[in-house]
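K.L.:
File follows, run-v4.cif with mmCIF, C-alpha atoms and all ligand atoms:
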data_model
#
loop_
_atom_site.label_atom_id
_atom_site.label_comp_id
_atom_site.auth_asym_id
_atom_site.auth_seq_id
_atom_site.Cartn_x
_atom_site.Cartn_y
_atom_site.Cartn_z
CA MET A 1 14.65 -26.62 11.66
CA PRO A 2 17.55 -24.54 13.04
CA ASN A 3 16.89 -21.58 15.25
CA ARG A 4 19.42 -18.99 14.18
CA GLY A 5 19.22 -16.63 17.15
CA PRO A 6 17.69 -13.24 17.59
CA CYS A 7 19.15 -11.50 14.55
CA GLN A 8 16.87 -8.67 13.40
CA HIS A 9 18.91 -7.20 10.57
CA PHE A 10 20.04 -8.48 7.20
CA ASP A 11 23.82 -8.97 7.06
CA GLY A 12 24.10 -6.97 10.26
CA ALA A 13 23.20 -3.84 8.32
CA ARG A 14 20.83 -1.35 9.83
CA ARG A 15 17.86 -2.09 7.63
CA LEU A 16 15.18 -4.11 9.30
CA PRO A 17 12.67 -4.42 10.86
CA ALA A 18 9.51 -2.28 10.85
CA ALA A 19 9.45 0.58 8.43
CA GLY A 20 8.78 3.69 10.36
CA LEU A 21 9.11 3.07 13.99
CA CYS A 22 12.13 1.13 15.14
CA GLU A 23 13.20 2.64 18.48
CA SER A 24 16.69 1.14 18.53
CA ILE A 25 17.37 2.36 15.01
CA ARG A 26 16.07 5.76 15.94
CA ARG A 27 18.34 6.10 18.96
CA GLU A 28 21.32 4.78 17.03
CA GLU A 29 20.83 7.21 14.15
CA GLN A 30 20.26 10.19 16.38
CA THR A 31 23.54 9.54 18.17
CA HIS A 32 25.35 9.51 14.84
CA MET A 33 23.60 12.41 13.25
CA ALA A 34 26.26 15.06 13.85
CA THR A 35 29.40 14.77 11.74
CA PRO A 36 32.54 15.15 13.90
CA GLY A 37 34.37 18.38 13.26
CA THR A 38 31.41 20.20 11.72
CA SER A 39 28.94 21.17 14.41
CA ARG A 40 27.00 19.60 17.21
CA ARG A 41 23.80 20.00 15.24
CA GLY A 42 22.56 16.91 13.44
CA ARG A 43 22.86 16.83 9.67
CA VAL A 44 19.83 14.59 9.37
CA SER A 45 16.41 15.71 10.56
CA GLN A 46 14.75 13.99 13.49
CA LYS A 47 11.86 13.18 11.19
CA ALA A 48 14.10 11.42 8.67
CA SER A 49 15.85 9.56 11.48
CA ARG A 50 12.63 8.14 12.78
CA PHE A 51 11.95 5.69 9.97
CA THR A 52 13.95 3.18 8.01
CA GLU A 53 14.08 2.74 4.28
CA SER A 54 11.23 0.71 2.81
CA VAL A 55 11.61 -2.96 3.64
CA ILE A 56 9.41 -3.94 0.69
CA ARG A 57 11.57 -2.11 -1.83
CA GLU A 58 14.68 -3.45 -0.12
CA MET A 59 13.47 -7.01 -0.60
CA THR A 60 13.37 -6.42 -4.35
CA ARG A 61 17.03 -5.40 -4.27
CA GLU A 62 17.88 -8.47 -2.14
CA ALA A 63 16.03 -10.67 -4.65
CA LEU A 64 18.06 -9.21 -7.52
CA LYS A 65 21.30 -9.66 -5.59
CA HIS A 66 20.65 -13.34 -4.88
CA GLY A 67 18.80 -14.27 -8.07
CA ALA A 68 15.64 -15.07 -6.12
CA VAL A 69 12.16 -15.25 -7.61
CA ASN A 70 10.67 -11.97 -6.46
CA LEU A 71 7.33 -12.35 -4.70
CA SER A 72 8.04 -9.39 -2.43
CA GLN A 73 7.21 -6.04 -4.02
CA GLY A 74 3.76 -5.75 -5.57
CA PHE A 75 4.43 -5.00 -9.22
CA PRO A 76 3.39 -7.13 -12.20
CA ASP A 77 6.15 -8.86 -14.17
CA PHE A 78 3.84 -9.19 -17.20
CA PRO A 79 3.38 -6.51 -19.86
CA ALA A 80 1.04 -3.56 -19.49
CA PRO A 81 -1.95 -3.55 -21.89
CA GLU A 82 -0.75 -3.04 -25.49
CA ASP A 83 -3.25 -0.31 -26.37
CA LEU A 84 -2.33 1.58 -23.21
CA LYS A 85 1.35 1.53 -24.15
CA ARG A 86 0.43 2.78 -27.62
CA ALA A 87 -1.59 5.62 -26.07
CA ALA A 88 1.43 6.64 -23.99
CA ALA A 89 3.80 6.50 -26.97
CA ALA A 90 1.31 8.49 -29.06
CA ALA A 91 1.08 11.16 -26.36
CA ILE A 92 4.86 11.61 -26.40
CA ASN A 93 4.90 11.69 -30.21
CA ASP A 94 2.08 14.24 -30.16
CA ASP A 95 4.30 16.40 -28.00
CA VAL A 96 2.38 16.22 -24.77
CA ASN A 97 5.77 16.70 -23.18
CA GLN A 98 5.57 19.83 -21.06
CA TYR A 99 4.13 20.40 -17.60
CA ALA A 100 0.46 19.55 -17.34
CA VAL A 101 -1.75 21.77 -15.17
CA THR A 102 -0.36 21.29 -11.66
CA TRP A 103 -3.42 19.50 -10.31
CA GLY A 104 -3.81 17.38 -13.40
CA ALA A 105 -4.58 17.63 -17.11
CA LYS A 106 -8.21 18.53 -17.74
CA ASP A 107 -8.98 15.50 -19.93
CA PHE A 108 -7.51 13.15 -17.32
CA ARG A 109 -9.46 14.75 -14.48
CA GLU A 110 -12.61 14.46 -16.56
CA ALA A 111 -11.87 10.80 -17.24
CA ILE A 112 -11.39 10.26 -13.48
CA ALA A 113 -14.74 11.92 -12.79
CA ASP A 114 -16.46 9.76 -15.44
CA LYS A 115 -14.93 6.54 -14.20
CA THR A 116 -15.76 7.32 -10.58
CA ARG A 117 -19.37 8.04 -11.57
CA TRP A 118 -19.52 4.71 -13.43
CA PHE A 119 -17.77 2.56 -10.81
CA LEU A 120 -18.73 4.13 -7.50
CA GLY A 121 -21.80 6.10 -8.51
CA LEU A 122 -20.27 9.28 -7.05
CA GLU A 123 -20.05 12.75 -8.56
CA TYR A 124 -16.74 14.63 -8.26
CA ASP A 125 -16.19 18.00 -9.90
CA PRO A 126 -12.98 17.76 -11.97
CA GLU A 127 -12.42 21.49 -11.52
CA ARG A 128 -12.63 21.55 -7.73
CA GLU A 129 -12.50 18.07 -6.24
CA ILE A 130 -9.85 16.06 -8.10
CA THR A 131 -6.06 16.31 -7.82
CA VAL A 132 -3.71 14.23 -9.95
CA THR A 133 -0.61 13.11 -8.05
CA CYS A 134 2.56 11.11 -8.63
CA GLY A 135 1.00 7.81 -7.66
CA SER A 136 -1.10 7.19 -4.60
CA THR A 137 2.12 7.32 -2.62
CA GLU A 138 2.31 11.06 -3.20
CA GLY A 139 -1.48 11.26 -2.90
CA MET A 140 -1.45 9.94 0.66
CA ILE A 141 1.42 12.08 1.94
CA ALA A 142 -0.10 15.17 0.26
CA VAL A 143 -3.44 14.40 1.92
CA MET A 144 -1.83 14.03 5.32
CA MET A 145 0.33 17.13 5.01
CA ALA A 146 -2.68 19.11 3.83
CA THR A 147 -4.94 18.13 6.72
CA VAL A 148 -3.03 17.01 9.80
CA ASP A 149 -1.36 19.29 12.34
CA PRO A 150 1.42 18.11 14.66
CA GLY A 151 -0.07 16.50 17.75
CA GLU A 152 -3.20 15.35 15.99
CA GLU A 153 -3.79 11.62 15.82
CA VAL A 154 -4.53 9.26 12.96
CA VAL A 155 -6.02 5.84 13.56
CA LEU A 156 -4.28 3.08 11.66
CA PHE A 157 -5.33 -0.54 11.30
CA GLU A 158 -2.40 -2.87 11.92
CA PRO A 159 -0.84 -4.62 10.01
CA PHE A 160 -0.64 -1.64 7.66
CA TYR A 161 0.89 -0.81 4.29
CA GLU A 162 4.34 0.30 5.37
CA ASN A 163 4.22 3.80 3.84
CA TYR A 164 1.59 5.01 6.29
CA ALA A 165 3.88 5.12 9.32
CA PRO A 166 6.52 7.36 7.66
CA ASP A 167 3.64 9.42 6.22
CA ALA A 168 2.42 9.98 9.77
CA ILE A 169 5.88 10.98 10.96
CA LEU A 170 6.45 13.36 8.06
CA SER A 171 3.09 15.04 8.55
CA GLY A 172 3.52 15.27 12.33
CA ALA A 173 0.61 12.95 13.08
CA THR A 174 0.62 10.61 16.04
CA PRO A 175 -0.47 7.12 14.93
CA ARG A 176 -2.94 5.11 17.05
CA TYR A 177 -2.85 1.46 16.08
CA VAL A 178 -5.85 -0.85 16.09
CA PRO A 179 -5.17 -4.54 15.44
CA LEU A 180 -6.71 -6.55 12.63
CA ARG A 181 -6.61 -10.16 13.78
CA ALA A 182 -6.01 -13.23 11.62
CA PRO A 183 -7.45 -15.36 10.18
CA ASP A 184 -10.21 -12.98 9.02
CA TRP A 185 -8.41 -9.81 10.00
CA THR A 186 -11.41 -8.54 11.93
CA PHE A 187 -11.11 -5.71 14.44
CA ASP A 188 -12.64 -5.36 17.87
CA PRO A 189 -15.18 -2.51 17.72
CA ASP A 190 -14.40 -1.53 21.33
CA GLU A 191 -10.70 -1.27 20.55
CA LEU A 192 -11.46 0.88 17.53
CA ARG A 193 -13.76 3.14 19.51
CA ALA A 194 -11.10 3.49 22.24
CA ALA A 195 -8.59 4.71 19.62
CA PHE A 196 -10.78 7.71 18.74
CA ASN A 197 -10.74 10.86 20.87
CA GLU A 198 -10.88 14.65 20.50
CA ARG A 199 -7.37 14.70 18.97
CA THR A 200 -8.31 12.22 16.21
CA LYS A 201 -7.97 13.90 12.82
CA ALA A 202 -8.55 10.88 10.63
CA VAL A 203 -8.64 7.15 10.23
CA ILE A 204 -6.60 5.58 7.43
CA LEU A 205 -8.35 2.77 5.65
CA CYS A 206 -6.72 0.58 3.02
CA ASN A 207 -9.53 -1.31 1.32
CA PRO A 208 -9.06 -3.86 -0.25
CA ASN A 209 -6.21 -4.21 2.16
CA ASN A 210 -2.49 -4.58 1.71
CA PRO A 211 -0.96 -6.67 3.31
CA THR A 212 -3.85 -8.82 4.59
CA GLY A 213 -6.13 -9.13 1.55
CA LYS A 214 -9.05 -8.14 3.76
CA VAL A 215 -12.05 -6.52 2.12
CA PHE A 216 -13.97 -4.59 4.77
CA THR A 217 -17.63 -5.60 5.09
CA ARG A 218 -20.43 -3.06 4.86
CA GLU A 219 -21.10 -3.49 8.57
CA GLU A 220 -17.45 -2.77 9.44
CA MET A 221 -17.41 0.24 7.14
CA GLU A 222 -20.61 1.58 8.68
CA PHE A 223 -19.10 1.28 12.13
CA ILE A 224 -15.92 3.12 11.10
CA ALA A 225 -18.06 5.78 9.43
CA SER A 226 -20.16 6.23 12.57
CA LEU A 227 -17.00 6.91 14.59
CA CYS A 228 -15.80 9.43 12.00
CA ARG A 229 -19.10 11.26 12.29
CA GLU A 230 -19.18 11.06 16.10
CA PHE A 231 -15.62 12.35 16.51
CA ASP A 232 -15.73 14.72 13.55
CA ALA A 233 -12.83 12.85 11.94
CA LEU A 234 -11.81 12.48 8.30
CA CYS A 235 -11.20 9.19 6.51
CA PHE A 236 -8.19 8.77 4.22
CA THR A 237 -9.01 5.75 2.13
CA ASP A 238 -6.49 4.01 -0.11
CA GLU A 239 -8.54 2.24 -2.77
CA ILE A 240 -5.77 1.30 -5.14
CA TYR A 241 -7.01 -2.34 -5.25
CA GLU A 242 -10.69 -1.42 -5.78
CA HIS A 243 -11.03 -3.72 -8.81
CA ILE A 244 -9.28 -6.72 -7.28
CA VAL A 245 -11.82 -8.58 -5.12
CA TYR A 246 -12.59 -12.30 -5.13
CA PRO A 247 -15.97 -13.95 -4.65
CA ARG A 248 -16.55 -16.18 -1.60
CA ALA A 249 -19.07 -18.97 -1.23
CA ASP A 250 -20.17 -18.03 2.30
CA ARG A 251 -20.77 -14.29 1.87
CA GLU A 252 -20.70 -11.50 -0.64
CA VAL A 253 -17.39 -9.72 -1.13
CA GLU A 254 -17.77 -6.26 -2.66
CA HIS A 255 -15.61 -3.20 -2.82
CA ILE A 256 -17.29 -0.37 -0.96
CA SER A 257 -15.74 3.07 -0.97
CA MET A 258 -16.00 4.95 2.29
CA ALA A 259 -17.15 7.95 0.25
CA GLN A 260 -20.27 5.99 -0.78
CA LEU A 261 -21.60 5.74 2.76
CA GLU A 262 -24.23 8.10 4.08
CA GLY A 263 -22.72 11.44 5.05
CA MET A 264 -19.15 10.30 4.36
CA LYS A 265 -18.31 11.90 1.01
CA GLU A 266 -17.83 15.22 2.80
CA ARG A 267 -15.27 13.78 5.19
CA THR A 268 -13.52 11.22 2.97
CA LEU A 269 -10.36 11.68 0.91
CA VAL A 270 -10.08 8.85 -1.61
CA VAL A 271 -6.54 8.05 -2.73
CA ASN A 272 -6.24 5.99 -5.89
CA SER A 273 -3.84 5.30 -8.73
CA MET A 274 -3.29 3.76 -12.14
CA SER A 275 -0.50 1.55 -10.79
CA LYS A 276 -2.35 -1.65 -9.96
CA THR A 277 -5.53 -1.43 -12.03
CA TYR A 278 -3.66 -0.88 -15.31
CA SER A 279 -0.40 -2.69 -14.40
CA VAL A 280 1.73 0.44 -14.77
CA THR A 281 3.37 0.87 -11.34
CA GLY A 282 6.32 2.67 -12.95
CA TRP A 283 4.20 5.43 -14.45
CA ARG A 284 3.63 7.11 -11.11
CA VAL A 285 0.19 8.52 -11.82
CA GLY A 286 -2.47 8.64 -9.13
CA TYR A 287 -5.20 10.91 -7.85
CA VAL A 288 -7.06 12.22 -4.81
CA LEU A 289 -10.82 12.77 -4.64
CA ALA A 290 -11.82 15.17 -1.87
CA PRO A 291 -14.29 17.91 -0.94
CA ALA A 292 -13.43 21.22 -2.61
CA ASP A 293 -12.13 23.03 0.49
CA ILE A 294 -9.69 20.22 1.28
CA THR A 295 -8.76 19.75 -2.39
CA GLY A 296 -7.47 23.34 -2.36
CA ALA A 297 -5.01 22.42 0.39
CA VAL A 298 -4.05 19.09 -1.21
CA ARG A 299 -3.33 20.87 -4.51
CA LYS A 300 -1.04 23.39 -2.81
CA VAL A 301 0.94 20.69 -1.02
CA HIS A 302 1.09 18.60 -4.19
CA ASP A 303 2.30 21.58 -6.25
CA PHE A 304 5.28 22.21 -4.01
CA LEU A 305 6.09 18.55 -3.54
CA THR A 306 6.18 17.55 -7.20
CA VAL A 307 4.56 20.22 -9.46
CA GLY A 308 2.76 17.46 -11.30
CA ALA A 309 2.59 13.95 -12.66
CA ALA A 310 4.01 13.02 -16.08
CA ALA A 311 1.94 14.83 -18.73
CA PRO A 312 1.99 12.17 -21.51
CA LEU A 313 1.05 9.48 -19.03
CA GLN A 314 -1.92 11.52 -17.90
CA ARG A 315 -3.05 11.66 -21.54
CA ALA A 316 -2.69 7.86 -21.67
CA GLY A 317 -4.44 7.69 -18.30
CA ALA A 318 -7.50 9.34 -19.82
CA TYR A 319 -7.54 6.48 -22.32
CA ALA A 320 -7.06 3.85 -19.59
CA LEU A 321 -9.87 5.11 -17.39
CA ARG A 322 -12.29 4.76 -20.30
CA MET A 323 -11.58 1.04 -20.74
CA PRO A 324 -14.77 -1.04 -20.99
CA PRO A 325 -16.15 -2.96 -17.98
CA GLU A 326 -14.84 -6.24 -19.41
CA TYR A 327 -11.30 -5.02 -18.85
CA TYR A 328 -11.85 -4.90 -15.09
CA GLU A 329 -13.62 -8.25 -14.98
CA GLU A 330 -10.72 -9.88 -16.84
CA LEU A 331 -8.20 -8.25 -14.46
CA ARG A 332 -10.10 -9.59 -11.47
CA ARG A 333 -10.45 -13.09 -12.90
CA GLU A 334 -6.75 -13.29 -13.77
CA TYR A 335 -5.73 -12.32 -10.25
CA GLU A 336 -8.12 -14.84 -8.80
CA ARG A 337 -6.49 -17.51 -10.97
CA ARG A 338 -3.01 -16.46 -9.87
CA ARG A 339 -4.08 -16.50 -6.24
CA ASP A 340 -5.39 -20.03 -6.67
CA LEU A 341 -2.07 -21.05 -8.21
CA LEU A 342 0.14 -19.73 -5.41
CA LEU A 343 -1.88 -20.51 -2.29
CA PRO A 344 -1.87 -24.33 -2.58
CA ALA A 345 1.87 -24.24 -3.32
CA LEU A 346 2.45 -22.36 -0.08
CA GLU A 347 0.17 -24.65 1.92
CA ASP A 348 1.83 -27.77 0.51
CA VAL A 349 5.19 -26.83 1.97
CA GLY A 350 3.88 -25.86 5.39
CA PHE A 351 2.82 -22.21 5.36
CA LYS A 352 -0.41 -21.39 7.14
CA VAL A 353 -2.18 -19.22 4.61
CA PHE A 354 -4.68 -16.45 5.36
CA ARG A 355 -6.76 -16.53 2.23
CA PRO A 356 -7.15 -13.03 0.76
CA ASP A 357 -10.53 -11.72 -0.42
CA GLY A 358 -8.92 -8.87 -2.34
CA ALA A 359 -5.69 -7.20 -3.54
CA TYR A 360 -2.83 -9.43 -4.70
CA TYR A 361 -1.00 -10.42 -1.54
CA VAL A 362 -1.20 -13.27 0.88
CA MET A 363 -0.11 -13.12 4.50
CA THR A 364 1.16 -16.39 5.88
CA ASP A 365 2.15 -17.83 9.24
CA ILE A 366 5.64 -19.35 9.30
CA SER A 367 5.51 -21.05 12.71
CA ALA A 368 5.95 -24.48 11.13
CA PHE A 369 9.47 -23.68 9.96
CA GLY A 370 11.01 -23.11 13.38
CA PHE A 371 12.71 -19.78 12.79
CA ALA A 372 12.80 -17.30 15.65
CA TYR A 373 11.99 -14.28 13.50
CA ASP A 374 10.38 -13.43 10.20
CA VAL A 375 13.53 -11.57 9.14
CA GLU A 376 15.73 -14.63 9.55
CA PHE A 377 13.20 -16.73 7.72
CA THR A 378 13.04 -14.20 4.87
CA ARG A 379 16.81 -14.15 4.60
CA HIS A 380 16.87 -17.94 4.49
CA LEU A 381 14.15 -17.97 1.85
CA ILE A 382 15.93 -15.46 -0.37
CA GLN A 383 19.48 -16.73 0.00
CA ARG A 384 19.02 -20.51 0.36
CA VAL A 385 15.65 -21.26 -1.23
CA GLY A 386 15.63 -18.56 -3.89
CA VAL A 387 12.26 -16.89 -3.27
CA ALA A 388 11.78 -13.35 -1.96
CA CYS A 389 8.91 -12.33 0.30
CA VAL A 390 8.42 -9.48 2.79
CA PRO A 391 8.95 -10.02 6.52
CA GLY A 392 5.72 -9.52 8.45
CA SER A 393 7.33 -7.17 10.96
CA SER A 394 7.54 -4.45 8.33
CA PHE A 395 3.76 -4.09 8.53
CA TYR A 396 3.60 -3.58 12.30
CA SER A 397 4.52 -0.81 14.72
CA ARG A 398 6.35 -3.33 16.91
CA PRO A 399 8.38 -5.99 15.06
CA GLU A 400 7.42 -8.78 17.43
CA LEU A 401 3.80 -8.52 16.28
CA GLY A 402 4.79 -9.70 12.82
CA ALA A 403 7.59 -12.06 13.83
CA ARG A 404 5.65 -15.15 12.73
CA GLN A 405 4.36 -13.78 9.43
CA VAL A 406 5.62 -13.12 5.92
CA ARG A 407 3.80 -11.70 2.89
CA PHE A 408 3.94 -12.99 -0.68
CA CYS A 409 2.52 -11.25 -3.74
CA PHE A 410 1.01 -13.06 -6.71
CA CYS A 411 0.89 -10.29 -9.35
CA LYS A 412 3.27 -12.34 -11.49
CA ARG A 413 3.31 -14.46 -14.65
CA ASP A 414 2.40 -18.13 -14.28
CA GLU A 415 6.03 -19.08 -15.02
CA THR A 416 7.20 -16.90 -12.15
CA LEU A 417 4.68 -18.37 -9.72
CA GLU A 418 5.51 -21.90 -10.88
CA ALA A 419 9.25 -21.25 -10.49
CA ALA A 420 8.59 -19.97 -6.97
CA ALA A 421 6.47 -23.05 -6.18
CA ASP A 422 9.28 -25.32 -7.42
CA ARG A 423 11.88 -23.62 -5.30
CA LEU A 424 9.63 -23.52 -2.24
CA ARG A 425 9.62 -27.32 -2.25
CA ARG A 426 13.28 -27.07 -1.20
CA LEU A 427 12.08 -25.66 2.11
CA GLN A 428 10.98 -29.12 3.14
CA SER A 429 14.43 -30.56 2.64
CA PHE A 430 16.35 -28.09 4.82
N1 LIG A 501 -1.07 1.92 -1.52
C1 LIG A 501 -1.05 0.59 -1.38
C2 LIG A 501 -2.01 -0.06 -0.44
C3 LIG A 501 -0.12 -0.18 -2.06
O1 LIG A 501 -0.11 -1.51 -1.90
C4 LIG A 501 0.81 0.45 -2.93
C5 LIG A 501 1.83 -0.32 -3.65
O2 LIG A 501 2.08 -1.45 -3.40
C6 LIG A 501 0.74 1.84 -3.05
C7 LIG A 501 -0.21 2.53 -2.34
C8 LIG A 501 1.66 2.57 -3.95
O3 LIG A 501 0.93 2.98 -5.04
P1 LIG A 501 1.45 3.96 -6.19
O4 LIG A 501 2.25 3.16 -7.14
O5 LIG A 501 0.20 4.48 -6.79
O6 LIG A 501 2.24 5.03 -5.53
#
Translate the structure described by the file into structure tokens.
Ligand code: PLP

P.N.:
Amino acid sequence: MPNRGPCQHFDGARRLPAAGLCESIRREEQTHMATPGTSRRGRVSQKASRFTESVIREMTREALKHGAVNLSQGFPDFPAPEDLKRAAAAAINDDVNQYAVTWGAKDFREAIADKTRWFLGLEYDPEREITVTCGSTEGMIAVMMATVDPGEEVVLFEPFYENYAPDAILSGATPRYVPLRAPDWTFDPDELRAAFNERTKAVILCNPNNPTGKVFTREEMEFIASLCREFDALCFTDEIYEHIVYPRADREVEHISMAQLEGMKERTLVVNSMSKTYSVTGWRVGYVLAPADITGAVRKVHDFLTVGAAAPLQRAGAYALRMPPEYYEELRREYERRRDLLLPALEDVGFKVFRPDGAYYVMTDISAFGFAYDVEFTRHLIQRVGVACVPGSSFYSRPELGARQVRFCFCKRDETLEAAADRLRRLQSF
């Protein structure tokens, strides 16, 4: 397999690697910030210069450009549930078309409270502890801006969902990274403890985890919780994949919310969304569950960031969150089936696969293919093989940590996964 040299960027453009924290990109952009002939002051903020555009979203554009099967960005290519679409259309026809209450329509907040009581067994007051946001993307940045002061630290497991690093920069937080190590993506308790100190404001937990597919065990969660209590830290937990967990023969896999653990509801901010559970990533409707005093701050930040999420889709959201338990079981089973379709296809052509216990991604090791970097491999895969994935480096603070990994998603129709499997066989012939 050819080694194509140490190229780190697609087409020489300044795009890759790592979302968030590329030093060379940062220096380069800062030098070019001022426009000649205007003033010496930069036209772009230092904050905005410190992270790149999203690599994940960029891979979707690359896939479109080259006609590649898109297994990069995590959105379903199958239809959303019919009755949910009808509920949304009905809401528009019923003229639910003006601003909802800033922190969320009452019926939607009540539906969130009911569903959370049913699924997690937790009580949240819709009037004081629930904020509806534009997806969990806005939920997480609103949470961070509402709680973190510049100079405070947030602990981040690495690899991480790429939004968290820019979120930290925008909120002024200093990230402290703690590695999750393949194949099981476990962390070293001593390393985690060493990341906490008196400046620690919060730990960010993505569970079930993107990109690794890890589902944190009760023991791991208890340990993280004990550190939060010891260091008086908050936990920001992204639970957008809460319904997507897969059984294992050797141990139980269950979704546990940090807010369910003893003494943790008071220091946990749960970020969640309709995007993945109801296959409506384009609706941009999410929510934050938090203690009342913090909810007040989250609502203020949210109000001035976006005013509110789409009113008719909140009405439809109230319908969605009252779906029967069978809906969630079917969702889970279907993703398990799709996982079991893609993983053997990847293994057959030489990927080392880290089998996910949850979410709908699989991280793989690409050492067998002989490329120097994940970015080169991804480019080859998109342009020559016709399948798009996400370079591993975009999930790490330092690109070299992910240089041997790429992530595929399997939230796609069978035809899409089969087309990808077909094309991947070409890898062997290059
Ligand atoms: N959080 C995680 C862990 C994700 O994987 C994604 C999307 O892939 C998001 C948040 C974005 O969610 P939303 O569409 O609700 O903004």

K.L.:
For range 208-210 of chain A, find every residue with an atom within 10 Å (counting all atoms listed in the file), except residues of its own chain fewer than 5 positions away, and show them as an MDAnalysis selection string.

P.N.:
chainID A and resid 74 157 159:162 185 215:216 237:245 254:257 356:363 395 407 409

K.L.:
Store the residues picked out above in a file with C-alpha atoms, as a PDB file, keeping the file's coordinate frame.

P.N.:
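Writing the result to out26.pdb gives the following:
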ATOM      1  CA  GLY A  74       3.760  -5.750  -5.570  1.00  0.00           C
ATOM      2  CA  PHE A 157      -5.330  -0.540  11.300  1.00  0.00           C
ATOM      3  CA  PRO A 159      -0.840  -4.620  10.010  1.00  0.00           C
ATOM      4  CA  PHE A 160      -0.640  -1.640   7.660  1.00  0.00           C
ATOM      5  CA  TYR A 161       0.890  -0.810   4.290  1.00  0.00           C
ATOM      6  CA  GLU A 162       4.340   0.300   5.370  1.00  0.00           C
ATOM      7  CA  TRP A 185      -8.410  -9.810  10.000  1.00  0.00           C
ATOM      8  CA  VAL A 215     -12.050  -6.520   2.120  1.00  0.00           C
ATOM      9  CA  PHE A 216     -13.970  -4.590   4.770  1.00  0.00           C
ATOM     10  CA  THR A 237      -9.010   5.750   2.130  1.00  0.00           C
ATOM     11  CA  ASP A 238      -6.490   4.010  -0.110  1.00  0.00           C
ATOM     12  CA  GLU A 239      -8.540   2.240  -2.770  1.00  0.00           C
ATOM     13  CA  ILE A 240      -5.770   1.300  -5.140  1.00  0.00           C
ATOM     14  CA  TYR A 241      -7.010  -2.340  -5.250  1.00  0.00           C
ATOM     15  CA  GLU A 242     -10.690  -1.420  -5.780  1.00  0.00           C
ATOM     16  CA  HIS A 243     -11.030  -3.720  -8.810  1.00  0.00           C
ATOM     17  CA  ILE A 244      -9.280  -6.720  -7.280  1.00  0.00           C
ATOM     18  CA  VAL A 245     -11.820  -8.580  -5.120  1.00  0.00           C
ATOM     19  CA  GLU A 254     -17.770  -6.260  -2.660  1.00  0.00           C
ATOM     20  CA  HIS A 255     -15.610  -3.200  -2.820  1.00  0.00           C
ATOM     21  CA  ILE A 256     -17.290  -0.370  -0.960  1.00  0.00           C
ATOM     22  CA  SER A 257     -15.740   3.070  -0.970  1.00  0.00           C
ATOM     23  CA  PRO A 356      -7.150 -13.030   0.760  1.00  0.00           C
ATOM     24  CA  ASP A 357     -10.530 -11.720  -0.420  1.00  0.00           C
ATOM     25  CA  GLY A 358      -8.920  -8.870  -2.340  1.00  0.00           C
ATOM     26  CA  ALA A 359      -5.690  -7.200  -3.540  1.00  0.00           C
ATOM     27  CA  TYR A 360      -2.830  -9.430  -4.700  1.00  0.00           C
ATOM     28  CA  TYR A 361      -1.000 -10.420  -1.540  1.00  0.00           C
ATOM     29  CA  VAL A 362      -1.200 -13.270   0.880  1.00  0.00           C
ATOM     30  CA  MET A 363      -0.110 -13.120   4.500  1.00  0.00           C
ATOM     31  CA  PHE A 395       3.760  -4.090   8.530  1.00  0.00           C
ATOM     32  CA  ARG A 407       3.800 -11.700   2.890  1.00  0.00           C
ATOM     33  CA  CYS A 409       2.520 -11.250  -3.740  1.00  0.00           C
TER      34      CYS A 409
END

K.L.:
Quick one, how far is CA of Glu138 in chain A from CA of Leu64 in chain A?

P.N.:
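These two atoms are separated by 26.0 Å.
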
K.L.:
Would you work out the distance separating CA of Arg339 in chain A from CA of Pro183 in chain A, expressed in Å to one decimal?

P.N.:
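Going from CA of Arg339 in chain A over to CA of Pro183 in chain A, I get 16.8 Å.
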
K.L.:
Just checking: using only C-alpha atoms, which residue out of A:Asp303, A:Asp414, A:Asp293, A:Asp348 ends up closest to Trp103 in chain A?

P.N.:
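So, comparing all the options, the nearest one is A:Asp303.
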
K.L.:
For the atom pair CA of Arg199 in chain A and CA of Lys300 in chain A, what is the interatomic distance in Å to one decimal place?

P.N.:
24.3 Å

K.L.:
Show which residues sit within 8 Å of Tyr335 in chain A, as a PyMOL selection string. Count all atoms listed in the file, and ignore same-chain residues fewer than 2 positions away.

P.N.:
chain A and resi 244+331-333+337-339+360+410-411

K.L.:
Between A:Gly121, A:Pro291, A:Gly139, A:Gly286, which is the closest to Leu313 in chain A once you count all atoms listed in the file?

P.N.:
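That would be A:Gly286, the residue with the smallest distance to Leu313 in chain A.
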
K.L.:
Identify, on the basis of all atoms listed in the file, every residue whose closest approach to Glu220 in chain A does not exceed 9 Å; exclude the query and any residue fewer than 4 positions from it along the same chain; express the result as an MDAnalysis selection string.

P.N.:
chainID A and resid 186:187 189 216 224:225

K.L.:
Rank nothing, just name the residue among A:Pro175, A:Pro166, A:Pro126, A:Gly402 nearest to Ala202 in chain A, using only C-alpha atoms.

P.N.:
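So, comparing all the options, the nearest one is A:Pro175.
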
K.L.:
For a quick check of understanding, using all atoms listed in the file, which of A:Ala182, A:Val155, A:Leu427, A:Met323 has the smallest distance to Leu401 in chain A?

P.N.:
A:Ala182

K.L.:
Report as a list of chain:residue names all protein, DNA and RNA residues lying within 8 Å of Phe351 in chain A, evaluated on all atoms listed in the file, omitting residues in the same chain fewer than 5 positions from it.

P.N.:
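Returned residues: A:Leu346, A:Thr364, A:Asp365, A:Ile366, A:Ser367, A:Ala368.
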